[in-house]
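Here is target_34.cif, consisting of mmCIF, N, CA and C atoms:
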```
data_work
loop_
_atom_site.label_atom_id
_atom_site.label_comp_id
_atom_site.auth_asym_id
_atom_site.auth_seq_id
_atom_site.Cartn_x
_atom_site.Cartn_y
_atom_site.Cartn_z
N MET A 92 -12.96 -12.47 0.88
CA MET A 92 -11.99 -11.75 0.09
C MET A 92 -10.58 -12.12 0.56
N ILE A 93 -9.70 -12.35 -0.36
CA ILE A 93 -8.31 -12.68 -0.05
C ILE A 93 -7.46 -11.46 -0.40
N LYS A 94 -6.53 -11.13 0.51
CA LYS A 94 -5.67 -9.98 0.31
C LYS A 94 -4.23 -10.33 0.63
N ILE A 95 -3.35 -9.57 0.05
CA ILE A 95 -1.92 -9.63 0.40
C ILE A 95 -1.63 -8.35 1.16
N ASP A 96 -1.20 -8.48 2.40
CA ASP A 96 -0.89 -7.32 3.23
C ASP A 96 0.58 -7.36 3.61
N TYR A 97 1.19 -6.20 3.67
CA TYR A 97 2.55 -6.12 4.20
C TYR A 97 2.77 -4.73 4.76
N THR A 98 3.68 -4.66 5.70
CA THR A 98 4.09 -3.40 6.28
C THR A 98 5.60 -3.28 6.12
N LEU A 99 6.02 -2.17 5.58
CA LEU A 99 7.45 -1.90 5.40
C LEU A 99 7.86 -0.93 6.49
N SER A 100 8.82 -1.32 7.30
CA SER A 100 9.35 -0.46 8.36
C SER A 100 10.85 -0.32 8.14
N VAL A 101 11.29 0.90 7.97
CA VAL A 101 12.69 1.18 7.68
C VAL A 101 13.23 2.12 8.76
N SER A 102 14.39 1.82 9.27
CA SER A 102 15.06 2.71 10.22
C SER A 102 15.86 3.71 9.41
N SER A 103 15.48 4.97 9.51
CA SER A 103 16.20 5.98 8.72
C SER A 103 17.51 6.33 9.42
N PRO A 104 18.52 6.62 8.63
CA PRO A 104 19.81 7.01 9.20
C PRO A 104 19.68 8.29 10.01
N LYS A 105 20.56 8.43 11.01
CA LYS A 105 20.55 9.66 11.81
C LYS A 105 20.80 10.85 10.91
N ASP A 106 20.12 11.92 11.19
CA ASP A 106 20.30 13.19 10.48
C ASP A 106 19.98 13.10 8.99
N ALA A 107 19.28 12.04 8.57
CA ALA A 107 18.92 11.91 7.16
C ALA A 107 17.69 12.76 6.87
N GLU A 108 17.73 13.43 5.77
CA GLU A 108 16.57 14.21 5.33
C GLU A 108 15.69 13.27 4.51
N ILE A 109 14.62 12.76 5.15
CA ILE A 109 13.81 11.75 4.48
C ILE A 109 12.71 12.34 3.61
N GLY A 110 12.53 13.64 3.65
CA GLY A 110 11.54 14.27 2.78
C GLY A 110 10.15 13.70 3.01
N ASP A 111 9.52 13.25 1.94
CA ASP A 111 8.15 12.74 2.04
C ASP A 111 8.10 11.24 2.28
N LEU A 112 9.25 10.60 2.50
CA LEU A 112 9.27 9.16 2.77
C LEU A 112 8.78 8.89 4.19
N SER A 113 7.99 7.87 4.33
CA SER A 113 7.49 7.46 5.64
C SER A 113 8.28 6.24 6.09
N PRO A 114 8.82 6.25 7.33
CA PRO A 114 9.60 5.10 7.79
C PRO A 114 8.78 3.82 7.95
N SER A 115 7.46 3.96 8.03
CA SER A 115 6.61 2.78 8.15
C SER A 115 5.39 2.98 7.27
N LYS A 116 5.12 1.98 6.44
CA LYS A 116 4.01 2.11 5.51
C LYS A 116 3.38 0.74 5.30
N SER A 117 2.05 0.69 5.28
CA SER A 117 1.34 -0.57 5.07
C SER A 117 0.61 -0.53 3.74
N HIS A 118 0.52 -1.70 3.14
CA HIS A 118 -0.20 -1.84 1.87
C HIS A 118 -1.06 -3.09 1.90
N SER A 119 -2.10 -3.06 1.10
CA SER A 119 -2.98 -4.21 0.98
C SER A 119 -3.38 -4.35 -0.48
N PHE A 120 -3.29 -5.55 -1.00
CA PHE A 120 -3.63 -5.82 -2.39
C PHE A 120 -4.65 -6.95 -2.44
N GLU A 121 -5.78 -6.66 -3.01
CA GLU A 121 -6.85 -7.65 -3.10
C GLU A 121 -6.56 -8.64 -4.22
N VAL A 122 -6.78 -9.91 -3.92
CA VAL A 122 -6.64 -10.95 -4.93
C VAL A 122 -8.00 -11.11 -5.59
N LYS A 123 -8.07 -10.68 -6.83
CA LYS A 123 -9.33 -10.75 -7.56
C LYS A 123 -9.37 -12.03 -8.38
N GLY A 124 -10.54 -12.49 -8.64
CA GLY A 124 -10.69 -13.70 -9.44
C GLY A 124 -11.64 -14.66 -8.74
N ASP A 125 -12.23 -15.51 -9.51
CA ASP A 125 -13.19 -16.49 -9.01
C ASP A 125 -12.45 -17.63 -8.31
N LYS A 126 -12.75 -17.85 -7.02
CA LYS A 126 -12.09 -18.90 -6.26
C LYS A 126 -12.43 -20.29 -6.81
N GLU A 127 -13.51 -20.40 -7.51
CA GLU A 127 -13.93 -21.69 -8.05
C GLU A 127 -13.17 -22.05 -9.32
N SER A 128 -12.58 -21.05 -9.95
CA SER A 128 -11.83 -21.27 -11.18
C SER A 128 -10.34 -21.07 -10.89
N TYR A 129 -9.58 -22.15 -10.99
CA TYR A 129 -8.15 -22.05 -10.72
C TYR A 129 -7.49 -21.01 -11.62
N LYS A 130 -7.87 -20.97 -12.87
CA LYS A 130 -7.26 -20.04 -13.81
C LYS A 130 -7.51 -18.59 -13.37
N ASP A 131 -8.75 -18.27 -13.03
CA ASP A 131 -9.07 -16.90 -12.59
C ASP A 131 -8.37 -16.57 -11.27
N TYR A 132 -8.43 -17.51 -10.33
CA TYR A 132 -7.85 -17.28 -9.02
C TYR A 132 -6.34 -17.06 -9.11
N TYR A 133 -5.65 -17.94 -9.79
CA TYR A 133 -4.19 -17.80 -9.88
C TYR A 133 -3.77 -16.62 -10.74
N GLY A 134 -4.60 -16.25 -11.68
CA GLY A 134 -4.33 -15.03 -12.45
C GLY A 134 -4.44 -13.80 -11.56
N GLY A 135 -5.49 -13.77 -10.72
CA GLY A 135 -5.65 -12.67 -9.78
C GLY A 135 -4.55 -12.64 -8.74
N LEU A 136 -4.15 -13.83 -8.28
CA LEU A 136 -3.06 -13.93 -7.31
C LEU A 136 -1.76 -13.43 -7.92
N ARG A 137 -1.49 -13.81 -9.15
CA ARG A 137 -0.27 -13.36 -9.84
C ARG A 137 -0.27 -11.84 -9.98
N ASP A 138 -1.43 -11.26 -10.33
CA ASP A 138 -1.52 -9.80 -10.47
C ASP A 138 -1.28 -9.09 -9.14
N ALA A 139 -1.91 -9.61 -8.08
CA ALA A 139 -1.75 -8.98 -6.76
C ALA A 139 -0.30 -9.08 -6.29
N LEU A 140 0.32 -10.24 -6.48
CA LEU A 140 1.73 -10.40 -6.09
C LEU A 140 2.64 -9.47 -6.89
N GLY A 141 2.33 -9.31 -8.17
CA GLY A 141 3.13 -8.40 -9.00
C GLY A 141 3.02 -6.97 -8.53
N LYS A 142 1.80 -6.55 -8.18
CA LYS A 142 1.62 -5.18 -7.68
C LYS A 142 2.34 -4.99 -6.36
N ALA A 143 2.24 -5.98 -5.48
CA ALA A 143 2.92 -5.89 -4.18
C ALA A 143 4.43 -5.83 -4.38
N ARG A 144 4.96 -6.69 -5.23
CA ARG A 144 6.40 -6.71 -5.49
C ARG A 144 6.88 -5.38 -6.06
N ASN A 145 6.14 -4.83 -7.01
CA ASN A 145 6.54 -3.56 -7.61
C ASN A 145 6.47 -2.41 -6.61
N THR A 146 5.45 -2.41 -5.78
CA THR A 146 5.29 -1.35 -4.80
C THR A 146 6.42 -1.38 -3.77
N VAL A 147 6.70 -2.55 -3.20
CA VAL A 147 7.77 -2.64 -2.22
C VAL A 147 9.12 -2.36 -2.88
N GLY A 148 9.31 -2.78 -4.10
CA GLY A 148 10.55 -2.48 -4.81
C GLY A 148 10.75 -1.00 -5.02
N ASP A 149 9.68 -0.30 -5.41
CA ASP A 149 9.77 1.15 -5.60
C ASP A 149 10.10 1.87 -4.30
N GLU A 150 9.45 1.44 -3.21
CA GLU A 150 9.71 2.07 -1.92
C GLU A 150 11.13 1.81 -1.44
N LEU A 151 11.60 0.59 -1.58
CA LEU A 151 12.97 0.28 -1.16
C LEU A 151 14.00 1.01 -2.01
N THR A 152 13.70 1.19 -3.29
CA THR A 152 14.61 1.94 -4.16
C THR A 152 14.75 3.38 -3.67
N LYS A 153 13.64 3.99 -3.27
CA LYS A 153 13.70 5.37 -2.75
C LYS A 153 14.58 5.43 -1.51
N TRP A 154 14.42 4.45 -0.61
CA TRP A 154 15.23 4.43 0.60
C TRP A 154 16.69 4.17 0.26
N LYS A 155 16.95 3.28 -0.68
CA LYS A 155 18.33 2.97 -1.07
C LYS A 155 19.00 4.22 -1.62
N GLU A 156 18.28 4.98 -2.44
CA GLU A 156 18.85 6.20 -3.00
C GLU A 156 19.13 7.23 -1.91
N LEU A 157 18.24 7.33 -0.93
CA LEU A 157 18.44 8.26 0.17
C LEU A 157 19.67 7.87 0.98
N VAL A 158 19.78 6.61 1.33
CA VAL A 158 20.91 6.13 2.11
C VAL A 158 22.19 6.26 1.29
N GLY A 159 22.10 5.98 0.00
CA GLY A 159 23.27 6.09 -0.86
C GLY A 159 23.82 7.51 -0.89
N LYS A 160 22.93 8.50 -0.94
CA LYS A 160 23.38 9.89 -0.93
C LYS A 160 24.09 10.22 0.38
N ASP A 161 23.53 9.75 1.50
CA ASP A 161 24.17 9.99 2.79
C ASP A 161 25.51 9.28 2.88
N GLU A 162 25.59 8.06 2.34
CA GLU A 162 26.85 7.32 2.37
C GLU A 162 27.90 8.01 1.51
N GLU A 163 27.49 8.57 0.38
CA GLU A 163 28.43 9.30 -0.48
C GLU A 163 29.01 10.49 0.28
N LYS A 164 28.15 11.21 1.00
CA LYS A 164 28.63 12.35 1.78
C LYS A 164 29.60 11.89 2.84
N LEU A 165 29.25 10.81 3.55
CA LEU A 165 30.11 10.28 4.60
C LEU A 165 31.44 9.81 4.03
N ASN A 166 31.40 9.08 2.92
CA ASN A 166 32.63 8.60 2.29
C ASN A 166 33.49 9.75 1.80
N SER A 167 32.86 10.80 1.32
CA SER A 167 33.60 11.97 0.85
C SER A 167 34.35 12.62 2.02
N VAL A 168 33.67 12.74 3.15
CA VAL A 168 34.31 13.32 4.34
C VAL A 168 35.47 12.43 4.79
N LYS A 169 35.24 11.11 4.82
CA LYS A 169 36.30 10.19 5.24
C LYS A 169 37.48 10.24 4.28
N GLN A 170 37.21 10.33 2.98
CA GLN A 170 38.28 10.40 1.99
C GLN A 170 39.10 11.67 2.19
N ASN A 171 38.42 12.78 2.44
CA ASN A 171 39.13 14.04 2.68
C ASN A 171 40.01 13.93 3.92
N GLU A 172 39.50 13.27 4.98
CA GLU A 172 40.30 13.09 6.19
C GLU A 172 41.53 12.23 5.90
N ARG A 173 41.35 11.15 5.12
CA ARG A 173 42.48 10.28 4.77
C ARG A 173 43.54 11.06 3.97
N GLU A 174 43.08 11.87 3.02
CA GLU A 174 44.02 12.63 2.20
C GLU A 174 44.81 13.61 3.07
N GLU A 175 44.12 14.24 4.02
CA GLU A 175 44.80 15.18 4.91
C GLU A 175 45.83 14.45 5.77
N GLU A 176 45.47 13.26 6.27
CA GLU A 176 46.41 12.48 7.07
C GLU A 176 47.62 12.08 6.24
N GLU A 177 47.40 11.68 4.99
CA GLU A 177 48.50 11.29 4.11
C GLU A 177 49.43 12.47 3.85
N GLU A 178 48.85 13.65 3.64
CA GLU A 178 49.66 14.84 3.41
C GLU A 178 50.52 15.16 4.63
N LEU A 179 49.92 15.02 5.83
CA LEU A 179 50.68 15.28 7.05
C LEU A 179 51.81 14.27 7.21
N GLU A 180 51.55 13.01 6.89
CA GLU A 180 52.58 11.98 6.98
C GLU A 180 53.71 12.26 6.00
N GLU A 181 53.38 12.71 4.78
CA GLU A 181 54.39 13.02 3.78
C GLU A 181 55.24 14.20 4.24
N GLU A 182 54.60 15.20 4.86
CA GLU A 182 55.34 16.35 5.34
C GLU A 182 56.30 15.95 6.46
N GLU A 183 55.82 15.03 7.34
CA GLU A 183 56.67 14.57 8.42
C GLU A 183 57.88 13.82 7.89
N VAL A 184 57.67 13.00 6.87
CA VAL A 184 58.77 12.25 6.26
C VAL A 184 59.77 13.20 5.61
N CYS A 185 59.28 14.22 4.95
CA CYS A 185 60.17 15.19 4.28
C CYS A 185 60.98 16.01 5.31
N MET A 186 60.42 16.24 6.47
CA MET A 186 61.09 17.05 7.47
C MET A 186 62.20 16.26 8.17
N ARG A 187 62.19 14.98 8.08
CA ARG A 187 63.18 14.16 8.79
C ARG A 187 64.48 14.19 8.11
#
```
Take the structure in this file and express it as structure tokens.
Amino acid sequence: MIKIDYTLSVSSPKDAEIGDLSPSKSHSFEVKGDKESYKDYYGGLRDALGKARNTVGDELTKWKELVGKDEEKLNSVKQNEREEEEELEEEEVCMR
């Protein structure tokens, strides 16, 4: 039996709420089809690769969305800090 195996290991950001996401996950996809028939074999290989690609893509999308939410929060905090600094600088200029 021929299989496609992969393990996805992701380092989650500090303090990230990962919910039901697992930082490490393994998958295996069996290549179905008759090894004696190139058409069957490559058809099965194409199917297994497609399933593997879609699965890893779905998992990475979930992680990207999680990290994106955390980055938005971080950027929002940084933007607020910048705005406060700019306001203080403007006040200092006006006081001179």
**OP:** Check what the PyMOL selection byres ((chain A and resi 116) around 8) selects in the file above and give those residues as number ranges by chain.
**Re:** A: 97-101, 113-115, 117-119
Would you be able to write out as a PDB file with N, CA and C atoms, keeping the file's coordinate frame which residues have an atom within 12 Å of (13.1, 8.4, -1.7) in the file's coordinates, counting only C-alpha atoms?
```pdb
ATOM      1  N   VAL A 101      11.290   0.900   7.970  1.00  0.00           N
ATOM      2  CA  VAL A 101      12.690   1.180   7.680  1.00  0.00           C
ATOM      3  C   VAL A 101      13.230   2.120   8.760  1.00  0.00           C
ATOM      4  N   SER A 103      15.480   4.970   9.510  1.00  0.00           N
ATOM      5  CA  SER A 103      16.200   5.980   8.720  1.00  0.00           C
ATOM      6  C   SER A 103      17.510   6.330   9.420  1.00  0.00           C
ATOM      7  N   ALA A 107      19.280  12.040   8.570  1.00  0.00           N
ATOM      8  CA  ALA A 107      18.920  11.910   7.160  1.00  0.00           C
ATOM      9  C   ALA A 107      17.690  12.760   6.870  1.00  0.00           C
ATOM     10  N   GLU A 108      17.730  13.430   5.770  1.00  0.00           N
ATOM     11  CA  GLU A 108      16.570  14.210   5.330  1.00  0.00           C
ATOM     12  C   GLU A 108      15.690  13.270   4.510  1.00  0.00           C
ATOM     13  N   ILE A 109      14.620  12.760   5.150  1.00  0.00           N
ATOM     14  CA  ILE A 109      13.810  11.750   4.480  1.00  0.00           C
ATOM     15  C   ILE A 109      12.710  12.340   3.610  1.00  0.00           C
ATOM     16  N   GLY A 110      12.530  13.640   3.650  1.00  0.00           N
ATOM     17  CA  GLY A 110      11.540  14.270   2.780  1.00  0.00           C
ATOM     18  C   GLY A 110      10.150  13.700   3.010  1.00  0.00           C
ATOM     19  N   ASP A 111       9.520  13.250   1.940  1.00  0.00           N
ATOM     20  CA  ASP A 111       8.150  12.740   2.040  1.00  0.00           C
ATOM     21  C   ASP A 111       8.100  11.240   2.280  1.00  0.00           C
ATOM     22  N   LEU A 112       9.250  10.600   2.500  1.00  0.00           N
ATOM     23  CA  LEU A 112       9.270   9.160   2.770  1.00  0.00           C
ATOM     24  C   LEU A 112       8.780   8.890   4.190  1.00  0.00           C
ATOM     25  N   SER A 113       7.990   7.870   4.330  1.00  0.00           N
ATOM     26  CA  SER A 113       7.490   7.460   5.640  1.00  0.00           C
ATOM     27  C   SER A 113       8.280   6.240   6.090  1.00  0.00           C
ATOM     28  N   PRO A 114       8.820   6.250   7.330  1.00  0.00           N
ATOM     29  CA  PRO A 114       9.600   5.100   7.790  1.00  0.00           C
ATOM     30  C   PRO A 114       8.780   3.820   7.950  1.00  0.00           C
ATOM     31  N   GLY A 148       9.310  -2.780  -4.100  1.00  0.00           N
ATOM     32  CA  GLY A 148      10.550  -2.480  -4.810  1.00  0.00           C
ATOM     33  C   GLY A 148      10.750  -1.000  -5.020  1.00  0.00           C
ATOM     34  N   ASP A 149       9.680  -0.300  -5.410  1.00  0.00           N
ATOM     35  CA  ASP A 149       9.770   1.150  -5.600  1.00  0.00           C
ATOM     36  C   ASP A 149      10.100   1.870  -4.300  1.00  0.00           C
ATOM     37  N   GLU A 150       9.450   1.440  -3.210  1.00  0.00           N
ATOM     38  CA  GLU A 150       9.710   2.070  -1.920  1.00  0.00           C
ATOM     39  C   GLU A 150      11.130   1.810  -1.440  1.00  0.00           C
ATOM     40  N   LEU A 151      11.600   0.590  -1.580  1.00  0.00           N
ATOM     41  CA  LEU A 151      12.970   0.280  -1.160  1.00  0.00           C
ATOM     42  C   LEU A 151      14.000   1.010  -2.010  1.00  0.00           C
ATOM     43  N   THR A 152      13.700   1.190  -3.290  1.00  0.00           N
ATOM     44  CA  THR A 152      14.610   1.940  -4.160  1.00  0.00           C
ATOM     45  C   THR A 152      14.750   3.380  -3.670  1.00  0.00           C
ATOM     46  N   LYS A 153      13.640   3.990  -3.270  1.00  0.00           N
ATOM     47  CA  LYS A 153      13.700   5.370  -2.750  1.00  0.00           C
ATOM     48  C   LYS A 153      14.580   5.430  -1.510  1.00  0.00           C
ATOM     49  N   TRP A 154      14.420   4.450  -0.610  1.00  0.00           N
ATOM     50  CA  TRP A 154      15.230   4.430   0.600  1.00  0.00           C
ATOM     51  C   TRP A 154      16.690   4.170   0.260  1.00  0.00           C
ATOM     52  N   LYS A 155      16.950   3.280  -0.680  1.00  0.00           N
ATOM     53  CA  LYS A 155      18.330   2.970  -1.070  1.00  0.00           C
ATOM     54  C   LYS A 155      19.000   4.220  -1.620  1.00  0.00           C
ATOM     55  N   GLU A 156      18.280   4.980  -2.440  1.00  0.00           N
ATOM     56  CA  GLU A 156      18.850   6.200  -3.000  1.00  0.00           C
ATOM     57  C   GLU A 156      19.130   7.230  -1.910  1.00  0.00           C
ATOM     58  N   LEU A 157      18.240   7.330  -0.930  1.00  0.00           N
ATOM     59  CA  LEU A 157      18.440   8.260   0.170  1.00  0.00           C
ATOM     60  C   LEU A 157      19.670   7.870   0.980  1.00  0.00           C
ATOM     61  N   VAL A 158      19.780   6.610   1.330  1.00  0.00           N
ATOM     62  CA  VAL A 158      20.910   6.130   2.110  1.00  0.00           C
ATOM     63  C   VAL A 158      22.190   6.260   1.290  1.00  0.00           C
ATOM     64  N   GLY A 159      22.100   5.980   0.000  1.00  0.00           N
ATOM     65  CA  GLY A 159      23.270   6.090  -0.860  1.00  0.00           C
ATOM     66  C   GLY A 159      23.820   7.510  -0.890  1.00  0.00           C
ATOM     67  N   LYS A 160      22.930   8.500  -0.940  1.00  0.00           N
ATOM     68  CA  LYS A 160      23.380   9.890  -0.930  1.00  0.00           C
ATOM     69  C   LYS A 160      24.090  10.220   0.380  1.00  0.00           C
TER      70      LYS A 160
END
```
**OP:** Just give me the gap between atom N of Lys126 (chain A) and CA of Leu140 (chain A) in Å, one decimal is fine.
**Re:**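 Atom-to-atom, atom N of Lys126 (chain A) to CA of Leu140 (chain A), that is 16.3 Å.
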Original post:
What are the DSSP strand (DSSP E) residues of chain A, as a PyMOL selection string?
Top reply: chain A and resi 93-100+115-122
Write the residues of the selection above to a file with N, CA and C atoms, as a compact mmCIF listing (two decimals), in the coordinates of the input.
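What ended up in selection-v8.txt:
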```
# COMPACT_ATOMS: atom_id res chain seq x y z
N ILE A 93 -9.70 -12.35 -0.36
CA ILE A 93 -8.31 -12.68 -0.05
C ILE A 93 -7.46 -11.46 -0.40
N LYS A 94 -6.53 -11.13 0.51
CA LYS A 94 -5.67 -9.98 0.31
C LYS A 94 -4.23 -10.33 0.63
N ILE A 95 -3.35 -9.57 0.05
CA ILE A 95 -1.92 -9.63 0.40
C ILE A 95 -1.63 -8.35 1.16
N ASP A 96 -1.20 -8.48 2.40
CA ASP A 96 -0.89 -7.32 3.23
C ASP A 96 0.58 -7.36 3.61
N TYR A 97 1.19 -6.20 3.67
CA TYR A 97 2.55 -6.12 4.20
C TYR A 97 2.77 -4.73 4.76
N THR A 98 3.68 -4.66 5.70
CA THR A 98 4.09 -3.40 6.28
C THR A 98 5.60 -3.28 6.12
N LEU A 99 6.02 -2.17 5.58
CA LEU A 99 7.45 -1.90 5.40
C LEU A 99 7.86 -0.93 6.49
N SER A 100 8.82 -1.32 7.30
CA SER A 100 9.35 -0.46 8.36
C SER A 100 10.85 -0.32 8.14
N SER A 115 7.46 3.96 8.03
CA SER A 115 6.61 2.78 8.15
C SER A 115 5.39 2.98 7.27
N LYS A 116 5.12 1.98 6.44
CA LYS A 116 4.01 2.11 5.51
C LYS A 116 3.38 0.74 5.30
N SER A 117 2.05 0.69 5.28
CA SER A 117 1.34 -0.57 5.07
C SER A 117 0.61 -0.53 3.74
N HIS A 118 0.52 -1.70 3.14
CA HIS A 118 -0.20 -1.84 1.87
C HIS A 118 -1.06 -3.09 1.90
N SER A 119 -2.10 -3.06 1.10
CA SER A 119 -2.98 -4.21 0.98
C SER A 119 -3.38 -4.35 -0.48
N PHE A 120 -3.29 -5.55 -1.00
CA PHE A 120 -3.63 -5.82 -2.39
C PHE A 120 -4.65 -6.95 -2.44
N GLU A 121 -5.78 -6.66 -3.01
CA GLU A 121 -6.85 -7.65 -3.10
C GLU A 121 -6.56 -8.64 -4.22
N VAL A 122 -6.78 -9.91 -3.92
CA VAL A 122 -6.64 -10.95 -4.93
C VAL A 122 -8.00 -11.11 -5.59
```
Subject >> Using only C-alpha atoms: which of A:Ile95, A:Glu177, A:Cys185, A:Lys105 has the shortest distance to Asp138 (chain A) >> reply: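 Closest to Asp138 (chain A), using only C-alpha atoms: A:Ile95.
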**OP:** In Å, rounded to a single decimal, give me how far atom N of Lys94 (chain A) is from atom C of Thr146 (chain A).
**Re:**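 These two atoms are separated by 16.8 Å.
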**OP:** Find the distance between atom C of Met92 (chain A) and CA of Lys123 (chain A) and write it in Å to one decimal.
**Re:** 8.3 Å
Subject >> Among listed residues A:Glu175, A:Ile93, A:Ala143, A:Arg137, nearest Val122 (chain A) (using all atoms listed in the file) >> reply: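 Selected residue with least distance to Val122 (chain A): A:Ile93.
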**OP:** If you run DSSP over the backbone, which residues in chain A end up alpha helix (DSSP H)? Put them as a ChimeraX atom specification.
**Re:** /A:129-186
Could you rebuild region 122-138 of chain A with N, CA, C and O atoms and give me the result as a PDB file, keeping the file's coordinate frame?
```pdb
ATOM      1  N   VAL A 122      -6.780  -9.910  -3.920  1.00  0.00           N
ATOM      2  CA  VAL A 122      -6.640 -10.950  -4.930  1.00  0.00           C
ATOM      3  C   VAL A 122      -8.000 -11.110  -5.590  1.00  0.00           C
ATOM      4  O   VAL A 122      -8.953 -11.559  -4.971  1.00  0.00           O
ATOM      5  N   LYS A 123      -8.070 -10.680  -6.830  1.00  0.00           N
ATOM      6  CA  LYS A 123      -9.330 -10.750  -7.560  1.00  0.00           C
ATOM      7  C   LYS A 123      -9.370 -12.030  -8.380  1.00  0.00           C
ATOM      8  O   LYS A 123      -8.350 -12.564  -8.765  1.00  0.00           O
ATOM      9  N   GLY A 124     -10.540 -12.490  -8.640  1.00  0.00           N
ATOM     10  CA  GLY A 124     -10.690 -13.700  -9.440  1.00  0.00           C
ATOM     11  C   GLY A 124     -11.640 -14.660  -8.740  1.00  0.00           C
ATOM     12  O   GLY A 124     -11.807 -14.630  -7.526  1.00  0.00           O
ATOM     13  N   ASP A 125     -12.230 -15.510  -9.510  1.00  0.00           N
ATOM     14  CA  ASP A 125     -13.190 -16.490  -9.010  1.00  0.00           C
ATOM     15  C   ASP A 125     -12.450 -17.630  -8.310  1.00  0.00           C
ATOM     16  O   ASP A 125     -11.614 -18.309  -8.915  1.00  0.00           O
ATOM     17  N   LYS A 126     -12.750 -17.850  -7.020  1.00  0.00           N
ATOM     18  CA  LYS A 126     -12.090 -18.900  -6.260  1.00  0.00           C
ATOM     19  C   LYS A 126     -12.430 -20.290  -6.810  1.00  0.00           C
ATOM     20  O   LYS A 126     -11.702 -21.242  -6.576  1.00  0.00           O
ATOM     21  N   GLU A 127     -13.510 -20.400  -7.510  1.00  0.00           N
ATOM     22  CA  GLU A 127     -13.930 -21.690  -8.050  1.00  0.00           C
ATOM     23  C   GLU A 127     -13.170 -22.050  -9.320  1.00  0.00           C
ATOM     24  O   GLU A 127     -13.127 -23.182  -9.733  1.00  0.00           O
ATOM     25  N   SER A 128     -12.580 -21.050  -9.950  1.00  0.00           N
ATOM     26  CA  SER A 128     -11.830 -21.270 -11.180  1.00  0.00           C
ATOM     27  C   SER A 128     -10.340 -21.070 -10.890  1.00  0.00           C
ATOM     28  O   SER A 128      -9.910 -19.962 -10.579  1.00  0.00           O
ATOM     29  N   TYR A 129      -9.580 -22.150 -10.990  1.00  0.00           N
ATOM     30  CA  TYR A 129      -8.150 -22.050 -10.720  1.00  0.00           C
ATOM     31  C   TYR A 129      -7.490 -21.010 -11.620  1.00  0.00           C
ATOM     32  O   TYR A 129      -6.637 -20.254 -11.164  1.00  0.00           O
ATOM     33  N   LYS A 130      -7.870 -20.970 -12.870  1.00  0.00           N
ATOM     34  CA  LYS A 130      -7.260 -20.040 -13.810  1.00  0.00           C
ATOM     35  C   LYS A 130      -7.510 -18.590 -13.370  1.00  0.00           C
ATOM     36  O   LYS A 130      -6.579 -17.778 -13.335  1.00  0.00           O
ATOM     37  N   ASP A 131      -8.750 -18.270 -13.030  1.00  0.00           N
ATOM     38  CA  ASP A 131      -9.070 -16.900 -12.590  1.00  0.00           C
ATOM     39  C   ASP A 131      -8.370 -16.570 -11.270  1.00  0.00           C
ATOM     40  O   ASP A 131      -7.824 -15.487 -11.097  1.00  0.00           O
ATOM     41  N   TYR A 132      -8.430 -17.510 -10.330  1.00  0.00           N
ATOM     42  CA  TYR A 132      -7.850 -17.280  -9.020  1.00  0.00           C
ATOM     43  C   TYR A 132      -6.340 -17.060  -9.110  1.00  0.00           C
ATOM     44  O   TYR A 132      -5.803 -16.097  -8.563  1.00  0.00           O
ATOM     45  N   TYR A 133      -5.650 -17.940  -9.790  1.00  0.00           N
ATOM     46  CA  TYR A 133      -4.190 -17.800  -9.880  1.00  0.00           C
ATOM     47  C   TYR A 133      -3.770 -16.620 -10.740  1.00  0.00           C
ATOM     48  O   TYR A 133      -2.724 -16.020 -10.515  1.00  0.00           O
ATOM     49  N   GLY A 134      -4.600 -16.250 -11.680  1.00  0.00           N
ATOM     50  CA  GLY A 134      -4.330 -15.030 -12.450  1.00  0.00           C
ATOM     51  C   GLY A 134      -4.440 -13.800 -11.560  1.00  0.00           C
ATOM     52  O   GLY A 134      -3.596 -12.900 -11.603  1.00  0.00           O
ATOM     53  N   GLY A 135      -5.490 -13.770 -10.720  1.00  0.00           N
ATOM     54  CA  GLY A 135      -5.650 -12.670  -9.780  1.00  0.00           C
ATOM     55  C   GLY A 135      -4.550 -12.640  -8.740  1.00  0.00           C
ATOM     56  O   GLY A 135      -4.064 -11.580  -8.339  1.00  0.00           O
ATOM     57  N   LEU A 136      -4.150 -13.830  -8.280  1.00  0.00           N
ATOM     58  CA  LEU A 136      -3.060 -13.930  -7.310  1.00  0.00           C
ATOM     59  C   LEU A 136      -1.760 -13.430  -7.920  1.00  0.00           C
ATOM     60  O   LEU A 136      -1.014 -12.661  -7.291  1.00  0.00           O
ATOM     61  N   ARG A 137      -1.490 -13.810  -9.150  1.00  0.00           N
ATOM     62  CA  ARG A 137      -0.270 -13.360  -9.840  1.00  0.00           C
ATOM     63  C   ARG A 137      -0.270 -11.840  -9.980  1.00  0.00           C
ATOM     64  O   ARG A 137       0.744 -11.174  -9.745  1.00  0.00           O
ATOM     65  N   ASP A 138      -1.430 -11.260 -10.330  1.00  0.00           N
ATOM     66  CA  ASP A 138      -1.520  -9.800 -10.470  1.00  0.00           C
ATOM     67  C   ASP A 138      -1.280  -9.090  -9.140  1.00  0.00           C
ATOM     68  O   ASP A 138      -0.544  -8.099  -9.080  1.00  0.00           O
TER      69      ASP A 138
END
```
